[in-house]
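The structure appears right after this line, and notes come after that.
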Amino acid sequence: MHLSDPSASIYIAGHRGMVGSAIWSALESAGYENIFGRTSSELDLRNQADTNAFFERQQPDFVVVAAARVGGILANDQYPADFLYDNLAIEMNVIRAAQQTGVERLVFLGSTCIYPKHAPQPMPEDSLLTGPLEPTNQWYAVAKIAGHKLCQGFHRQHGSDMVTLMPTNLYGPNDNFDLETSHVLPALLRKFHEAKGAAPDGSDAPVTLWGSGTPKREFLYSHDLADAVRFILETPEDDLREAAYEGMLNVGVGKDLSINELAATIQDVVGHDGPIEHDPSKPDGTPRKLVDTTRMDELGWSAKTSLHDGIQKTYDWYREHEEEWVAA
């Protein structure tokens, strides 16, 4: 059953993160009145007994699984066991509890890192499991593939209305700007900001990019993903199943750019005038990662925020919260 009643109860797992908070805002703006979440200190979703008890008590009508342990190349490489275990535990507990308590629809958020390193570009949904993964984020990818397959399995075995959205690289307000664990866009945004006036003579200091800067990436503003989640929750199941590939849909903007081009865009937004340098000793990651958005296009949804506007909104948010990151 699709979401249509403004009073329906909607549980957002991971509601305080970048994606979860954007989804909350999107649903609230659309008139839904009964949205709820729990912080990780209030409910550890890795704990099966606590998660089951929470679902039995709350009986949500709809569930969005935005809770995850996330990070960039460095974090994935340093904490492989944590990325695999924590994400597997969260997915297993939330998806099964939703099925056992009769949730009407569950939307699970995956990641396009689930696709093979050398998948055809743009990457269609049916390229899943057709080749080896990118080694630098394989732990996270395996966990997300397992979460999708669990949703697919519950639909096949029990008829559960569960769908997986595979968003491309995300950014936006409430992102992670820690230089050790963040993704490329927020990390560069902070680097360019901190380089302003940081040279010994008061000019803008150089900013160093990892690798060659030639890999191409696609970036989706978090509030566009949130709008896609609302759209999918509201889509009738017959339409959804007809459009999805085995219960899975890519969400992206349909175009990409090189890391060098991304850096130039961020530099323009921040107003940085210093040089851009490269560290070839650092990994590039996947050469290209663009998703095929044909299925979402045919359903009638597309992203609306330009990259420049999205980065500007993200930068505005970062400047308001800069002290929190510097202190950390």
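We name chains A, B, ... following the order of the structure tokens; residues begin at 1 in each chain, and ligands are numbered from 1 as shown.
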Within 6 Å of segment 165-180 of chain A, counting only C-alpha atoms, which residues qualify if same-chain residues fewer than 6 places away don't, as a PDB file with C-alpha atoms, in the first residue's frame?
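Final output, saved to selection_6.pdb:
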ATOM      1  CA  MET A  18      22.204  14.100   6.377  1.00  0.00           C
ATOM      2  CA  LEU A 109      18.523   3.188   0.968  1.00  0.00           C
ATOM      3  CA  GLY A 110      21.510   1.530  -0.626  1.00  0.00           C
ATOM      4  CA  SER A 111      24.423   3.056  -2.506  1.00  0.00           C
ATOM      5  CA  THR A 112      25.713   2.925  -6.060  1.00  0.00           C
ATOM      6  CA  PRO A 186      32.346  17.899   1.814  1.00  0.00           C
ATOM      7  CA  ALA A 187      36.062  17.243   2.342  1.00  0.00           C
ATOM      8  CA  PHE A 219      26.478  14.147  -7.159  1.00  0.00           C
ATOM      9  CA  LEU A 220      22.918  14.262  -5.854  1.00  0.00           C
ATOM     10  CA  TYR A 221      21.737  16.909  -3.397  1.00  0.00           C
ATOM     11  CA  SER A 222      20.348  15.253  -0.253  1.00  0.00           C
ATOM     12  CA  MET A 248      15.481  -1.703  -6.995  1.00  0.00           C
ATOM     13  CA  LEU A 249      15.660   1.789  -8.518  1.00  0.00           C
ATOM     14  CA  ASN A 250      18.623   4.078  -9.132  1.00  0.00           C
ATOM     15  CA  VAL A 251      18.352   7.696  -7.997  1.00  0.00           C
ATOM     16  CA  GLY A 252      20.701  10.221  -9.578  1.00  0.00           C
ATOM     17  CA  THR A 314      25.745  23.108   1.623  1.00  0.00           C
ATOM     18  CA  TRP A 317      25.110  25.373   6.171  1.00  0.00           C
TER      19      TRP A 317
END
Segment 188-202 of chain A environment, 8 Å, only C-alpha atoms, sequence neighbours closer than 6 positions dropped, as a PyMOL selection string: chain A and resi 177+209+263+266-267+270+272-274+315
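Proximity of A:Ala53, A:Leu43, A:Ile10, A:Ala89 to Ala68 of chain A, computed with only C-alpha atoms, is greatest for A:Ala89.
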Using DSSP on the backbone coordinates, identify the residues of segment 56-251 of chain A assigned to strand (DSSP E); present them as a ChimeraX atom specification. /A:62-65,105-109,162-167,169-171,207-210,216-217,219-221,248-251
Using N, CA, C and O atoms, can you export the residues from the last selection as a tab-separated table (two decimals), in the first residue's frame?
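File selection.tsv, as written:
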chain	number	residue	atom	x	y	z
A	62	PHE	N	4.84	2.91	7.83
A	62	PHE	CA	5.85	3.00	6.78
A	62	PHE	C	7.22	3.18	7.42
A	62	PHE	O	7.33	3.81	8.48
A	63	VAL	N	8.25	2.65	6.76
A	63	VAL	CA	9.61	2.73	7.30
A	63	VAL	C	10.58	3.14	6.19
A	63	VAL	O	10.49	2.65	5.06
A	64	VAL	N	11.47	4.06	6.53
A	64	VAL	CA	12.57	4.43	5.65
A	64	VAL	C	13.87	4.10	6.37
A	64	VAL	O	14.11	4.59	7.48
A	65	VAL	N	14.71	3.27	5.75
A	65	VAL	CA	15.97	2.86	6.38
A	65	VAL	C	17.10	3.73	5.84
A	65	VAL	O	17.71	3.44	4.81
A	105	ARG	N	4.90	-0.41	3.79
A	105	ARG	CA	5.97	-0.30	2.79
A	105	ARG	C	7.24	0.12	3.49
A	105	ARG	O	7.23	0.99	4.36
A	106	LEU	N	8.35	-0.48	3.08
A	106	LEU	CA	9.67	-0.12	3.57
A	106	LEU	C	10.52	0.32	2.39
A	106	LEU	O	10.56	-0.35	1.36
A	107	VAL	N	11.20	1.45	2.57
A	107	VAL	CA	12.16	1.93	1.58
A	107	VAL	C	13.56	1.82	2.19
A	107	VAL	O	13.84	2.44	3.22
A	108	PHE	N	14.39	1.02	1.55
A	108	PHE	CA	15.76	0.81	2.00
A	108	PHE	C	16.69	1.61	1.11
A	108	PHE	O	16.60	1.55	-0.11
A	109	LEU	N	17.58	2.38	1.73
A	109	LEU	CA	18.52	3.19	0.97
A	109	LEU	C	19.86	2.47	0.85
A	109	LEU	O	20.51	2.20	1.85
A	162	MET	N	8.59	-3.99	-0.11
A	162	MET	CA	9.89	-3.41	0.23
A	162	MET	C	10.61	-3.04	-1.06
A	162	MET	O	10.64	-3.84	-2.01
A	163	VAL	N	11.18	-1.86	-1.10
A	163	VAL	CA	11.87	-1.39	-2.29
A	163	VAL	C	13.20	-0.76	-1.89
A	163	VAL	O	13.31	-0.15	-0.82
A	164	THR	N	14.22	-0.93	-2.74
A	164	THR	CA	15.54	-0.36	-2.49
A	164	THR	C	15.79	0.78	-3.46
A	164	THR	O	15.60	0.62	-4.67
A	165	LEU	N	16.22	1.91	-2.93
A	165	LEU	CA	16.68	3.01	-3.77
A	165	LEU	C	18.20	3.06	-3.70
A	165	LEU	O	18.78	3.01	-2.62
A	166	MET	N	18.84	3.15	-4.85
A	166	MET	CA	20.29	3.22	-4.93
A	166	MET	C	20.71	4.63	-5.33
A	166	MET	O	20.79	4.95	-6.52
A	167	PRO	N	20.92	5.51	-4.36
A	167	PRO	CA	21.31	6.88	-4.69
A	167	PRO	C	22.78	6.98	-5.07
A	167	PRO	O	23.62	6.24	-4.56
A	169	ASN	N	26.33	9.47	-5.40
A	169	ASN	CA	27.05	10.20	-4.35
A	169	ASN	C	26.21	11.36	-3.82
A	169	ASN	O	25.76	12.20	-4.60
A	170	LEU	N	26.05	11.40	-2.52
A	170	LEU	CA	25.18	12.39	-1.89
A	170	LEU	C	25.98	13.48	-1.18
A	170	LEU	O	27.09	13.25	-0.72
A	171	TYR	N	25.38	14.65	-1.07
A	171	TYR	CA	25.96	15.76	-0.31
A	171	TYR	C	24.82	16.67	0.12
A	171	TYR	O	23.71	16.59	-0.43
A	207	VAL	N	45.20	23.92	-2.40
A	207	VAL	CA	44.36	22.80	-1.97
A	207	VAL	C	44.79	21.58	-2.75
A	207	VAL	O	44.96	21.63	-3.98
A	208	THR	N	45.01	20.46	-2.05
A	208	THR	CA	45.49	19.24	-2.68
A	208	THR	C	44.36	18.23	-2.87
A	208	THR	O	43.61	17.93	-1.93
A	209	LEU	N	44.23	17.72	-4.09
A	209	LEU	CA	43.26	16.68	-4.41
A	209	LEU	C	43.93	15.32	-4.35
A	209	LEU	O	45.08	15.17	-4.75
A	210	TRP	N	43.20	14.33	-3.87
A	210	TRP	CA	43.70	12.95	-3.91
A	210	TRP	C	43.75	12.46	-5.35
A	210	TRP	O	42.84	12.70	-6.13
A	216	LYS	N	35.46	10.35	-12.76
A	216	LYS	CA	34.21	11.10	-12.91
A	216	LYS	C	33.18	10.61	-11.90
A	216	LYS	O	33.07	9.40	-11.66
A	217	ARG	N	32.46	11.56	-11.33
A	217	ARG	CA	31.45	11.24	-10.34
A	217	ARG	C	30.17	12.05	-10.60
A	217	ARG	O	30.20	13.11	-11.21
A	219	PHE	N	26.81	13.69	-8.51
A	219	PHE	CA	26.48	14.15	-7.16
A	219	PHE	C	25.02	14.56	-7.07
A	219	PHE	O	24.53	15.35	-7.88
A	220	LEU	N	24.35	14.01	-6.07
A	220	LEU	CA	22.92	14.26	-5.85
A	220	LEU	C	22.73	15.00	-4.54
A	220	LEU	O	23.21	14.56	-3.49
A	221	TYR	N	22.02	16.12	-4.59
A	221	TYR	CA	21.74	16.91	-3.40
A	221	TYR	C	20.79	16.12	-2.49
A	221	TYR	O	19.81	15.53	-2.95
A	248	MET	N	14.40	-2.67	-7.16
A	248	MET	CA	15.48	-1.70	-6.99
A	248	MET	C	15.39	-0.61	-8.05
A	248	MET	O	15.10	-0.87	-9.22
A	249	LEU	N	15.68	0.64	-7.62
A	249	LEU	CA	15.66	1.79	-8.52
A	249	LEU	C	16.86	2.69	-8.23
A	249	LEU	O	17.13	3.03	-7.08
A	250	ASN	N	17.56	3.09	-9.28
A	250	ASN	CA	18.62	4.08	-9.13
A	250	ASN	C	18.03	5.47	-8.94
A	250	ASN	O	16.99	5.80	-9.53
A	251	VAL	N	18.73	6.28	-8.14
A	251	VAL	CA	18.35	7.70	-8.00
A	251	VAL	C	19.60	8.54	-8.23
A	251	VAL	O	20.59	8.41	-7.51
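Note that the spacing between atom CA of Gly247 of chain A and atom CA of Gln152 of chain A amounts to 6.3 Å.
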To test your reading of the structure, identify every residue in segment 169-267 of chain A that backbone DSSP assigns to helix (DSSP H, G or I), and report it as number ranges by chain. A: 184-195, 222-234, 237-243, 259-267
Proximity to His15 of chain A - best of A:Ala205, A:Ala49, A:Ala98, A:Ala226, only C-alpha atoms: A:Ala226
Write out as a PyMOL selection string which residues come within 8 Å of Ser302 of chain A when counting only C-alpha atoms, dropping same-chain ones fewer than 2 positions away. chain A and resi 228+252-253+296-297+300+304
Keeping only all heavy atoms, take the residues you just selected and write them out as a compact mmCIF listing (two decimals), in the first residue's frame.
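Output contents, as saved in again.txt:
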# COMPACT_ATOMS: atom_id res chain seq x y z
N ALA A 228 12.74 12.17 -3.69
CA ALA A 228 12.56 10.89 -4.37
C ALA A 228 11.97 9.85 -3.42
O ALA A 228 11.11 9.05 -3.81
CB ALA A 228 13.90 10.40 -4.92
N GLY A 252 19.56 9.37 -9.26
CA GLY A 252 20.70 10.22 -9.58
C GLY A 252 20.27 11.43 -10.38
O GLY A 252 19.07 11.72 -10.47
N VAL A 253 21.24 12.10 -10.96
CA VAL A 253 20.93 13.29 -11.76
C VAL A 253 21.15 13.04 -13.25
O VAL A 253 20.78 13.85 -14.09
CB VAL A 253 21.77 14.51 -11.32
CG1 VAL A 253 21.44 14.88 -9.89
CG2 VAL A 253 23.26 14.23 -11.46
N MET A 296 13.55 5.65 -13.00
CA MET A 296 12.94 6.74 -12.23
C MET A 296 12.37 7.81 -13.16
O MET A 296 11.31 8.40 -12.88
CB MET A 296 13.96 7.36 -11.27
CG MET A 296 14.21 6.54 -10.02
SD MET A 296 12.78 6.44 -8.89
CE MET A 296 12.86 8.05 -8.09
N ASP A 297 13.06 8.08 -14.25
CA ASP A 297 12.54 9.05 -15.23
C ASP A 297 11.17 8.61 -15.74
O ASP A 297 10.24 9.42 -15.84
CB ASP A 297 13.51 9.18 -16.42
CG ASP A 297 14.84 9.80 -16.04
OD1 ASP A 297 14.91 10.45 -14.97
OD2 ASP A 297 15.81 9.63 -16.80
N GLY A 300 8.38 9.22 -13.45
CA GLY A 300 7.98 10.62 -13.39
C GLY A 300 8.72 11.47 -12.38
O GLY A 300 8.28 12.56 -12.03
N LYS A 304 16.06 18.12 -9.16
CA LYS A 304 15.78 19.50 -9.53
C LYS A 304 16.91 20.48 -9.18
O LYS A 304 16.94 21.59 -9.71
CB LYS A 304 14.48 19.96 -8.85
CG LYS A 304 13.26 19.14 -9.24
CD LYS A 304 12.03 19.58 -8.45
CE LYS A 304 10.81 18.78 -8.85
NZ LYS A 304 10.96 17.33 -8.60
Would you kindly return, as a PDB file with all heavy atoms, in the first residue's frame, each protein, DNA or RNA residue with an atom no farther than 8 Å from any atom of segment 39-41 of chain A, considering only C-alpha atoms and excluding same-chain residues fewer than 2 positions away?
ATOM      1  N   GLY A  14      17.613   6.576  11.318  1.00  0.00           N
ATOM      2  CA  GLY A  14      18.707   7.468  10.944  1.00  0.00           C
ATOM      3  C   GLY A  14      18.211   8.878  10.654  1.00  0.00           C
ATOM      4  O   GLY A  14      18.733   9.563   9.775  1.00  0.00           O
ATOM      5  N   HIS A  15      17.245   9.336  11.434  1.00  0.00           N
ATOM      6  CA  HIS A  15      16.558  10.598  11.123  1.00  0.00           C
ATOM      7  C   HIS A  15      17.391  11.849  11.385  1.00  0.00           C
ATOM      8  O   HIS A  15      17.023  12.941  10.955  1.00  0.00           O
ATOM      9  CB  HIS A  15      15.259  10.692  11.927  1.00  0.00           C
ATOM     10  CG  HIS A  15      15.447  10.975  13.387  1.00  0.00           C
ATOM     11  ND1 HIS A  15      15.979  10.041  14.258  1.00  0.00           N
ATOM     12  CD2 HIS A  15      15.177  12.071  14.136  1.00  0.00           C
ATOM     13  CE1 HIS A  15      16.024  10.567  15.471  1.00  0.00           C
ATOM     14  NE2 HIS A  15      15.549  11.790  15.432  1.00  0.00           N
ATOM     15  N   ARG A  16      18.525  11.699  12.068  1.00  0.00           N
ATOM     16  CA  ARG A  16      19.346  12.883  12.365  1.00  0.00           C
ATOM     17  C   ARG A  16      20.535  13.030  11.427  1.00  0.00           C
ATOM     18  O   ARG A  16      21.264  14.018  11.508  1.00  0.00           O
ATOM     19  CB  ARG A  16      19.808  12.836  13.823  1.00  0.00           C
ATOM     20  CG  ARG A  16      18.641  12.960  14.802  1.00  0.00           C
ATOM     21  CD  ARG A  16      19.102  12.957  16.241  1.00  0.00           C
ATOM     22  NE  ARG A  16      19.808  14.180  16.595  1.00  0.00           N
ATOM     23  CZ  ARG A  16      20.307  14.434  17.812  1.00  0.00           C
ATOM     24  NH1 ARG A  16      20.183  13.525  18.765  1.00  0.00           N
ATOM     25  NH2 ARG A  16      20.928  15.563  18.074  1.00  0.00           N
ATOM     26  N   GLY A  37      11.383   9.212  14.946  1.00  0.00           N
ATOM     27  CA  GLY A  37      12.687   8.581  14.859  1.00  0.00           C
ATOM     28  C   GLY A  37      13.255   8.401  16.250  1.00  0.00           C
ATOM     29  O   GLY A  37      12.655   8.839  17.239  1.00  0.00           O
ATOM     30  N   LEU A  43      18.101   4.190  20.784  1.00  0.00           N
ATOM     31  CA  LEU A  43      17.849   2.863  20.228  1.00  0.00           C
ATOM     32  C   LEU A  43      19.039   2.439  19.364  1.00  0.00           C
ATOM     33  O   LEU A  43      19.315   3.061  18.333  1.00  0.00           O
ATOM     34  CB  LEU A  43      16.570   2.879  19.372  1.00  0.00           C
ATOM     35  CG  LEU A  43      16.269   1.591  18.592  1.00  0.00           C
ATOM     36  CD1 LEU A  43      16.031   0.422  19.547  1.00  0.00           C
ATOM     37  CD2 LEU A  43      15.062   1.792  17.674  1.00  0.00           C
ATOM     38  N   ASP A  44      19.732   1.392  19.791  1.00  0.00           N
ATOM     39  CA  ASP A  44      20.843   0.854  19.018  1.00  0.00           C
ATOM     40  C   ASP A  44      20.270  -0.188  18.053  1.00  0.00           C
ATOM     41  O   ASP A  44      19.918  -1.297  18.463  1.00  0.00           O
ATOM     42  CB  ASP A  44      21.883   0.217  19.943  1.00  0.00           C
ATOM     43  CG  ASP A  44      23.108  -0.290  19.200  1.00  0.00           C
ATOM     44  OD1 ASP A  44      23.095  -0.277  17.944  1.00  0.00           O
ATOM     45  OD2 ASP A  44      24.075  -0.706  19.867  1.00  0.00           O
ATOM     46  N   LEU A  45      20.177   0.174  16.774  1.00  0.00           N
ATOM     47  CA  LEU A  45      19.561  -0.707  15.787  1.00  0.00           C
ATOM     48  C   LEU A  45      20.394  -1.958  15.523  1.00  0.00           C
ATOM     49  O   LEU A  45      19.916  -2.888  14.862  1.00  0.00           O
ATOM     50  CB  LEU A  45      19.321   0.056  14.483  1.00  0.00           C
ATOM     51  CG  LEU A  45      18.280   1.176  14.567  1.00  0.00           C
ATOM     52  CD1 LEU A  45      18.268   1.990  13.282  1.00  0.00           C
ATOM     53  CD2 LEU A  45      16.888   0.610  14.855  1.00  0.00           C
TER      54      LEU A  45
END
Name the residues in contact with Trp24 of chain A at a cut-off of 10 Å, using only C-alpha atoms, excluding same-chain residues fewer than 3 positions from it; report them as a PyMOL selection string. chain A and resi 10-12+15-16+19-21+27-30+32+35-37+64+223+226+230
Write out as a ChimeraX atom specification which residues come within 8 Å of Glu33 of chain A when counting only C-alpha atoms, dropping same-chain ones fewer than 2 positions away. /A:6-9,28,31,35
Same residues, all heavy atoms, output as a compact mmCIF listing (two decimals), in the first residue's frame:
# COMPACT_ATOMS: atom_id res chain seq x y z
N PRO A 6 -2.26 11.50 5.53
CA PRO A 6 -1.36 12.40 6.27
C PRO A 6 -1.09 11.96 7.70
O PRO A 6 -0.08 12.34 8.29
CB PRO A 6 -2.09 13.75 6.23
CG PRO A 6 -3.02 13.65 5.07
CD PRO A 6 -3.43 12.21 4.99
N SER A 7 -1.99 11.14 8.26
CA SER A 7 -1.82 10.72 9.66
C SER A 7 -1.07 9.39 9.77
O SER A 7 -0.85 8.91 10.88
CB SER A 7 -3.18 10.60 10.34
OG SER A 7 -3.96 9.57 9.77
N ALA A 8 -0.70 8.78 8.67
CA ALA A 8 0.03 7.51 8.71
C ALA A 8 1.33 7.68 9.49
O ALA A 8 2.01 8.70 9.37
CB ALA A 8 0.32 7.02 7.30
N SER A 9 1.69 6.68 10.28
CA SER A 9 2.93 6.77 11.06
C SER A 9 4.11 6.34 10.21
O SER A 9 4.09 5.30 9.56
CB SER A 9 2.83 5.92 12.33
OG SER A 9 2.70 4.55 12.01
N GLU A 28 7.49 16.19 6.11
CA GLU A 28 6.79 17.21 6.91
C GLU A 28 6.24 18.31 6.00
O GLU A 28 5.09 18.73 6.15
CB GLU A 28 7.75 17.78 7.94
CG GLU A 28 7.08 18.49 9.11
CD GLU A 28 8.08 18.80 10.20
OE1 GLU A 28 9.13 19.42 9.91
OE2 GLU A 28 7.83 18.41 11.36
N GLY A 31 3.06 17.52 4.28
CA GLY A 31 1.84 17.47 5.08
C GLY A 31 1.68 16.24 5.95
O GLY A 31 0.64 16.07 6.59
N ILE A 35 5.51 11.62 11.91
CA ILE A 35 6.86 11.14 11.58
C ILE A 35 7.63 10.99 12.89
O ILE A 35 7.54 11.86 13.76
CB ILE A 35 7.58 12.14 10.66
CG1 ILE A 35 6.70 12.51 9.48
CG2 ILE A 35 8.91 11.58 10.18
CD1 ILE A 35 7.16 13.78 8.75
One-decimal distance in Å that lies between atom CA of Leu262 of chain A and atom CA of His308 of chain A: 9.5 Å
